[in-house]
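Written out below as structure tokens is the structure these notes cover.
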Amino acid sequence: MNRRRFMTLTGSTLAMLGGGRAFAQAQQGRLRIDPTEFQPVPIAITNFVPGSPSDGEVGNGVTQVITNNLKRSGLFAPIDQAAFIERISNIDVAPQFQNWKTINAQALVTGRMTRQQDGRLKAEFRLWDVVSGQQLTGQQYFTSPEYWRRIAHIISDQIYERMTGEKGYFDSRVVFVDETGPKERRVKRLAMMDQDGANVRYLTRGSDLVLTPRFSPNSQEITYMEFGQGDPKVYLFNIETGQREIVGNFPGMTFAPRFSPDGQRVIMSLQQGGNSNLFVMDLRSRSTTRLTDTPAIDTSPSYSPDGTRICFESDRGGRSQIYVMAAGGGQAQRISFSKDDTNATYSTPVWSPKGDYIAFTRQGGGQFSIGVMKPDGSGERLLTSGFHNEGPTFAPNGRVVMFFRDPGGSGGPSLYSVDISGRNELKVPTPGFASDPAWSPLLSSTAGQ
């Protein structure tokens, strides 16, 4: 998708129809997400009113996408429309709140979709606090009709942010490795989709093996590894143009490339002989700097959001563990120490976009677990365990982790997501088998970059 074309979209705030008291005041704070006691908030999402009879289909589509987004977040419980007492036909008139209190709705979403004379779509929505009878927010957007799903994701993010106090993550994409064919001859293609599984697009043809795709901070480039003829190579792929280029030719094997937060560098692991070390390449000058120099295997580096530190995986202590060091190299500190399994190993660390957690894969006791810990190693929490779970990646707001699970046998891997509290584990829809997911930044926040 050409984001520049999409972002001719304009958004403006709809005038408040109610008073000024906000949901946060009415509810003594925004949603309090207690992993032991939290109950999803009942929310009513009405069909978006068509501005003309021909706008009904897109209005219903927007409603369905918003409903699915909020439901899959695990924080909201959309109410079945069959229970609705009131039918909304004009979003510029305040709803009859008693009708919504009767069905236990705490929040209400109304909206309208209208085709303009110039062919664009105008999308409007209002979010209401049913308890206080106040409008919490309202926005209107203009965009090309083919981008109606993105409008639905942006509206979902607005609702999520207004009710939780955190940025949403619905207007984002996931790049992953699509896998097809029998296990012994698996074809692996680079693919990209919306975070809800829609709009799947294949970026490579499958003639060569691809691994570890990662988004750039502006979401317009992907770095990945490809096994073709000879040693693996690191590529940059431009999503808008479809062009790709080799980052560089390196001696030995190259693994796990990842962008720096400013998008100006790529950090990776290069294998030379029996060990591998971390290197960083400046994408402008193509100069390479060595960050580690040990007789161990250092791999899977990931930058902190401010770019000052990196976490990585190393077996320098005998077993694979997670270490943190300054982005320019130097002394590294081990942060992974399992309290219940001294033989556990840790791998595939990735820093949260918020900077508060590092997600990882932990292997021990015959199982692979996905977990999170604070950057100093404290507060370790396992989110899910199974036969083979691996490759965590954070949603743009840091609240959800996606990973892949392989059940073994003749089957293949699938993508899953889970809240950082360990709640709400869900399978992510993909066309076939899928592995190695990487979540993009929020698209609407990177517009213009």
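Within each chain, counting starts at residue 1; across the structure tokens, chains are named A, B, ... in the order shown, with ligands numbered 1 upward in that order.
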Open item on the list: I'd like the contact shell of A:Ser285 - 12 Å cut-off, only C-alpha atoms, skipping same-chain residues fewer than 6 positions apart - returned as an MDAnalysis selection string.
Closed with: chainID A and resid 247:248 264:266
Task: All strand (DSSP E or B) residues (DSSP, backbone) inside stretch 255-315 of chain A, as a ChimeraX atom specification - done: /A:255-259,265-272,275-282,288-290,297-303,309-314
Task: A:Phe76 environment, 7 Å, only C-alpha atoms, sequence neighbours closer than 5 positions dropped, as a list in words - done: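 Counting only the stated atoms, we get Pro40, Val41, Pro42, Ile43, Leu70 and Lys71 of chain A.
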Task: Long-range neighbours of stretch 313-317 of chain A as a list of chain:residue names, 7 Å cut-off, only C-alpha atoms, 4 positions minimum in chain - done: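 Neighbouring residues, sequence-local ones excluded: A:Ala296, A:Ile297, A:Asp298, A:Thr299, A:Ser300, A:Pro301, A:Gln321, A:Ile322, A:Tyr323, A:Ser347, A:Thr348, A:Pro349.
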Could you please take those selected residues and save N, CA and C atoms as a PDB file, in the first residue's frame?
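And here's selection_38.pdb as it stands now:
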```
ATOM      1  N   ALA A 296      32.476 -17.247  21.955  1.00  0.00           N
ATOM      2  CA  ALA A 296      31.139 -17.802  22.186  1.00  0.00           C
ATOM      3  C   ALA A 296      30.247 -17.515  20.984  1.00  0.00           C
ATOM      4  N   ILE A 297      28.992 -17.912  21.093  1.00  0.00           N
ATOM      5  CA  ILE A 297      27.996 -17.605  20.075  1.00  0.00           C
ATOM      6  C   ILE A 297      27.121 -16.480  20.595  1.00  0.00           C
ATOM      7  N   ASP A 298      27.289 -15.280  20.054  1.00  0.00           N
ATOM      8  CA  ASP A 298      26.454 -14.118  20.367  1.00  0.00           C
ATOM      9  C   ASP A 298      25.521 -13.893  19.186  1.00  0.00           C
ATOM     10  N   THR A 299      24.225 -13.830  19.428  1.00  0.00           N
ATOM     11  CA  THR A 299      23.282 -13.693  18.317  1.00  0.00           C
ATOM     12  C   THR A 299      21.986 -13.046  18.797  1.00  0.00           C
ATOM     13  N   SER A 300      21.051 -12.849  17.887  1.00  0.00           N
ATOM     14  CA  SER A 300      19.707 -12.300  18.157  1.00  0.00           C
ATOM     15  C   SER A 300      19.737 -10.972  18.902  1.00  0.00           C
ATOM     16  N   PRO A 301      20.471  -9.982  18.401  1.00  0.00           N
ATOM     17  CA  PRO A 301      20.486  -8.682  19.088  1.00  0.00           C
ATOM     18  C   PRO A 301      19.209  -7.887  18.831  1.00  0.00           C
ATOM     19  N   GLN A 321      21.888 -17.730  27.229  1.00  0.00           N
ATOM     20  CA  GLN A 321      21.210 -16.831  28.160  1.00  0.00           C
ATOM     21  C   GLN A 321      21.068 -15.449  27.515  1.00  0.00           C
ATOM     22  N   ILE A 322      20.373 -14.547  28.193  1.00  0.00           N
ATOM     23  CA  ILE A 322      20.152 -13.193  27.669  1.00  0.00           C
ATOM     24  C   ILE A 322      21.067 -12.219  28.392  1.00  0.00           C
ATOM     25  N   TYR A 323      21.697 -11.366  27.597  1.00  0.00           N
ATOM     26  CA  TYR A 323      22.610 -10.361  28.131  1.00  0.00           C
ATOM     27  C   TYR A 323      22.166  -8.982  27.631  1.00  0.00           C
ATOM     28  N   SER A 347      16.514 -17.551  24.790  1.00  0.00           N
ATOM     29  CA  SER A 347      16.903 -17.161  23.432  1.00  0.00           C
ATOM     30  C   SER A 347      15.909 -16.151  22.864  1.00  0.00           C
ATOM     31  N   THR A 348      16.158 -15.710  21.647  1.00  0.00           N
ATOM     32  CA  THR A 348      15.332 -14.780  20.844  1.00  0.00           C
ATOM     33  C   THR A 348      14.795 -13.585  21.634  1.00  0.00           C
ATOM     34  N   PRO A 349      15.648 -12.845  22.349  1.00  0.00           N
ATOM     35  CA  PRO A 349      15.139 -11.695  23.105  1.00  0.00           C
ATOM     36  C   PRO A 349      14.722 -10.559  22.179  1.00  0.00           C
TER      37      PRO A 349
END
```
TODO: Might you pull out every residue within 12 Å of A:Phe84, with only C-alpha atoms counted and same-chain residues fewer than 6 positions away left off, and present them as a list in words?
DONE: Ile43, Ala44, Ile45, Thr46, Asn47, Pro78, Gln96, Phe97, Gln98, Asn99, Trp100, Lys101, Thr102, Ile103, Asn104, Ala105 and Leu108 of chain A
Would you export the selected residues with N, CA, C and O atoms as a PDB file, in the first residue's frame, please?
```pdb
ATOM      1  N   ILE A  43     -19.294  -3.464  25.621  1.00  0.00           N
ATOM      2  CA  ILE A  43     -19.372  -2.304  24.726  1.00  0.00           C
ATOM      3  C   ILE A  43     -20.330  -2.631  23.593  1.00  0.00           C
ATOM      4  O   ILE A  43     -20.333  -3.746  23.061  1.00  0.00           O
ATOM      5  N   ALA A  44     -21.189  -1.674  23.249  1.00  0.00           N
ATOM      6  CA  ALA A  44     -22.142  -1.838  22.145  1.00  0.00           C
ATOM      7  C   ALA A  44     -21.589  -1.097  20.929  1.00  0.00           C
ATOM      8  O   ALA A  44     -21.266   0.092  21.017  1.00  0.00           O
ATOM      9  N   ILE A  45     -21.481  -1.793  19.810  1.00  0.00           N
ATOM     10  CA  ILE A  45     -20.973  -1.199  18.572  1.00  0.00           C
ATOM     11  C   ILE A  45     -22.079  -1.315  17.535  1.00  0.00           C
ATOM     12  O   ILE A  45     -22.386  -2.412  17.053  1.00  0.00           O
ATOM     13  N   THR A  46     -22.692  -0.195  17.207  1.00  0.00           N
ATOM     14  CA  THR A  46     -23.824  -0.209  16.286  1.00  0.00           C
ATOM     15  C   THR A  46     -23.333  -0.193  14.845  1.00  0.00           C
ATOM     16  O   THR A  46     -22.217   0.247  14.555  1.00  0.00           O
ATOM     17  N   ASN A  47     -24.181  -0.678  13.927  1.00  0.00           N
ATOM     18  CA  ASN A  47     -23.830  -0.598  12.510  1.00  0.00           C
ATOM     19  C   ASN A  47     -23.674   0.851  12.091  1.00  0.00           C
ATOM     20  O   ASN A  47     -24.489   1.707  12.449  1.00  0.00           O
ATOM     21  N   PRO A  78     -17.800  -7.064  23.127  1.00  0.00           N
ATOM     22  CA  PRO A  78     -18.869  -6.490  22.291  1.00  0.00           C
ATOM     23  C   PRO A  78     -20.186  -7.240  22.514  1.00  0.00           C
ATOM     24  O   PRO A  78     -20.229  -8.467  22.543  1.00  0.00           O
ATOM     25  N   GLN A  96     -30.492   7.265  23.446  1.00  0.00           N
ATOM     26  CA  GLN A  96     -31.298   7.105  24.655  1.00  0.00           C
ATOM     27  C   GLN A  96     -30.524   6.170  25.590  1.00  0.00           C
ATOM     28  O   GLN A  96     -30.586   4.946  25.454  1.00  0.00           O
ATOM     29  N   PHE A  97     -29.811   6.739  26.525  1.00  0.00           N
ATOM     30  CA  PHE A  97     -28.838   5.956  27.288  1.00  0.00           C
ATOM     31  C   PHE A  97     -29.471   4.860  28.140  1.00  0.00           C
ATOM     32  O   PHE A  97     -28.842   3.824  28.393  1.00  0.00           O
ATOM     33  N   GLN A  98     -30.706   5.056  28.573  1.00  0.00           N
ATOM     34  CA  GLN A  98     -31.345   4.031  29.372  1.00  0.00           C
ATOM     35  C   GLN A  98     -31.481   2.722  28.585  1.00  0.00           C
ATOM     36  O   GLN A  98     -31.386   1.630  29.141  1.00  0.00           O
ATOM     37  N   ASN A  99     -31.698   2.851  27.258  1.00  0.00           N
ATOM     38  CA  ASN A  99     -31.791   1.650  26.420  1.00  0.00           C
ATOM     39  C   ASN A  99     -30.495   0.849  26.433  1.00  0.00           C
ATOM     40  O   ASN A  99     -30.509  -0.387  26.324  1.00  0.00           O
ATOM     41  N   TRP A 100     -29.373   1.527  26.560  1.00  0.00           N
ATOM     42  CA  TRP A 100     -28.074   0.866  26.540  1.00  0.00           C
ATOM     43  C   TRP A 100     -27.681   0.398  27.938  1.00  0.00           C
ATOM     44  O   TRP A 100     -26.999  -0.630  28.081  1.00  0.00           O
ATOM     45  N   LYS A 101     -28.130   1.126  28.971  1.00  0.00           N
ATOM     46  CA  LYS A 101     -27.907   0.656  30.347  1.00  0.00           C
ATOM     47  C   LYS A 101     -28.665  -0.651  30.585  1.00  0.00           C
ATOM     48  O   LYS A 101     -28.175  -1.543  31.281  1.00  0.00           O
ATOM     49  N   THR A 102     -29.846  -0.761  29.979  1.00  0.00           N
ATOM     50  CA  THR A 102     -30.672  -1.954  30.174  1.00  0.00           C
ATOM     51  C   THR A 102     -29.960  -3.218  29.714  1.00  0.00           C
ATOM     52  O   THR A 102     -30.132  -4.288  30.309  1.00  0.00           O
ATOM     53  N   ILE A 103     -29.145  -3.106  28.660  1.00  0.00           N
ATOM     54  CA  ILE A 103     -28.435  -4.296  28.158  1.00  0.00           C
ATOM     55  C   ILE A 103     -26.998  -4.355  28.698  1.00  0.00           C
ATOM     56  O   ILE A 103     -26.171  -5.095  28.184  1.00  0.00           O
ATOM     57  N   ASN A 104     -26.739  -3.530  29.722  1.00  0.00           N
ATOM     58  CA  ASN A 104     -25.468  -3.571  30.461  1.00  0.00           C
ATOM     59  C   ASN A 104     -24.276  -3.050  29.672  1.00  0.00           C
ATOM     60  O   ASN A 104     -23.125  -3.392  29.954  1.00  0.00           O
ATOM     61  N   ALA A 105     -24.521  -2.216  28.650  1.00  0.00           N
ATOM     62  CA  ALA A 105     -23.405  -1.619  27.920  1.00  0.00           C
ATOM     63  C   ALA A 105     -22.793  -0.507  28.759  1.00  0.00           C
ATOM     64  O   ALA A 105     -23.509   0.345  29.287  1.00  0.00           O
ATOM     65  N   LEU A 108     -20.596   2.907  24.214  1.00  0.00           N
ATOM     66  CA  LEU A 108     -21.386   2.795  22.990  1.00  0.00           C
ATOM     67  C   LEU A 108     -20.640   3.479  21.852  1.00  0.00           C
ATOM     68  O   LEU A 108     -20.140   4.600  22.004  1.00  0.00           O
TER      69      LEU A 108
END
```
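Minimum atom-to-atom distance to A:Val58, evaluated using only C-alpha atoms, belongs to A:Pro145 out of A:Gly379, A:Pro295, A:Gly168, A:Pro145.
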Write down as a tab-separated table (two decimals) with N, CA, C and O atoms, in the first residue's frame the residues belonging to stretch 143-364 of chain A that are assigned alpha helix (DSSP H) by DSSP computed on the backbone.
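Done, and the output landed in result_28.tsv:
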```
chain	number	residue	atom	x	y	z
A	148	TRP	N	-10.95	1.39	3.38
A	148	TRP	CA	-11.96	1.41	4.44
A	148	TRP	C	-11.54	0.54	5.63
A	148	TRP	O	-11.86	0.88	6.78
A	149	ARG	N	-10.80	-0.55	5.37
A	149	ARG	CA	-10.36	-1.38	6.50
A	149	ARG	C	-9.38	-0.62	7.39
A	149	ARG	O	-9.42	-0.75	8.61
A	150	ARG	N	-8.51	0.17	6.79
A	150	ARG	CA	-7.56	0.94	7.61
A	150	ARG	C	-8.31	1.97	8.45
A	150	ARG	O	-7.93	2.22	9.59
A	151	ILE	N	-9.34	2.57	7.89
A	151	ILE	CA	-10.15	3.51	8.68
A	151	ILE	C	-10.75	2.79	9.88
A	151	ILE	O	-10.76	3.32	11.00
A	152	ALA	N	-11.24	1.56	9.67
A	152	ALA	CA	-11.80	0.79	10.78
A	152	ALA	C	-10.74	0.52	11.85
A	152	ALA	O	-11.03	0.58	13.05
A	153	HIS	N	-9.51	0.23	11.42
A	153	HIS	CA	-8.43	0.00	12.39
A	153	HIS	C	-8.09	1.27	13.14
A	153	HIS	O	-7.84	1.25	14.36
A	154	ILE	N	-8.05	2.40	12.44
A	154	ILE	CA	-7.73	3.68	13.09
A	154	ILE	C	-8.81	4.05	14.10
A	154	ILE	O	-8.51	4.52	15.22
A	155	ILE	N	-10.08	3.84	13.75
A	155	ILE	CA	-11.17	4.10	14.70
A	155	ILE	C	-11.05	3.17	15.90
A	155	ILE	O	-11.22	3.60	17.06
A	156	SER	N	-10.71	1.90	15.66
A	156	SER	CA	-10.50	0.96	16.77
A	156	SER	C	-9.41	1.45	17.70
A	156	SER	O	-9.54	1.37	18.94
A	157	ASP	N	-8.34	1.98	17.13
A	157	ASP	CA	-7.25	2.50	17.95
A	157	ASP	C	-7.70	3.70	18.78
A	157	ASP	O	-7.30	3.86	19.94
A	158	GLN	N	-8.54	4.56	18.19
A	158	GLN	CA	-9.05	5.72	18.91
A	158	GLN	C	-9.88	5.29	20.12
A	158	GLN	O	-9.76	5.84	21.22
A	159	ILE	N	-10.73	4.30	19.90
A	159	ILE	CA	-11.58	3.78	20.99
A	159	ILE	C	-10.71	3.16	22.08
A	159	ILE	O	-10.87	3.42	23.27
A	160	TYR	N	-9.77	2.33	21.66
A	160	TYR	CA	-8.88	1.65	22.59
A	160	TYR	C	-8.11	2.66	23.44
A	160	TYR	O	-8.04	2.53	24.67
A	161	GLU	N	-7.54	3.67	22.78
A	161	GLU	CA	-6.74	4.66	23.50
A	161	GLU	C	-7.59	5.49	24.46
A	161	GLU	O	-7.18	5.76	25.60
A	162	ARG	N	-8.77	5.86	24.02
A	162	ARG	CA	-9.61	6.70	24.88
A	162	ARG	C	-10.07	5.95	26.13
A	162	ARG	O	-10.22	6.54	27.20
A	163	MET	N	-10.24	4.64	26.00
A	163	MET	CA	-10.77	3.87	27.13
A	163	MET	C	-9.69	3.21	27.98
A	163	MET	O	-9.97	2.80	29.11
A	164	THR	N	-8.49	3.07	27.47
A	164	THR	CA	-7.44	2.42	28.25
A	164	THR	C	-6.31	3.37	28.65
A	164	THR	O	-5.55	3.06	29.56
```
Open item on the list: Residues within 7 Å of A:Leu236, please, as a list of chain:residue names. Count only C-alpha atoms; anything in the same chain fewer than 6 positions from it doesn't count.
Closed with: A:Glu221, A:Ile222, A:Thr223, A:Tyr224, A:Arg244, A:Glu245, A:Ile246, A:Val247
- [ ] List the neighbours of A:Leu383 out to 6 Å using only C-alpha atoms; skip same-chain residues closer than 5 positions along the sequence, and give me the result as a list in words.
- [x] Ile370, Gly371 and Gly422 of chain A
Wanna dump the stretch 22-112 of chain A-stretch 177-196 of chain A contacts at 9 Å for me, each residue with its shortest atom pair and the distance in Å to one decimal, counting only C-alpha atoms, ordered by chain and number, as JSON lines?
```
{"residue": "A:Val65", "atom": "CA", "partner": "A:Asp196", "partner_atom": "CA", "distance": 8.9}
{"residue": "A:Asn68", "atom": "CA", "partner": "A:Asp196", "partner_atom": "CA", "distance": 8.5}
{"residue": "A:Asn69", "atom": "CA", "partner": "A:Asp196", "partner_atom": "CA", "distance": 7.5}
{"residue": "A:Arg72", "atom": "CA", "partner": "A:Asp196", "partner_atom": "CA", "distance": 9.0}
```
Open item on the list: Taking only C-alpha atoms into account, name the residue in A:Arg362, A:Lys354, A:Arg173, A:Arg112 that is nearest to A:Ser219.
Closed with: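 Ranked by minimum distance to A:Ser219, first place goes to A:Arg173.
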TODO: Check the smallest atom-to-atom distance from each of A:Val280, A:Val174, A:Ile88, A:Leu127 to A:Leu443 using only C-alpha atoms, then report the winner.
DONE: A:Val174
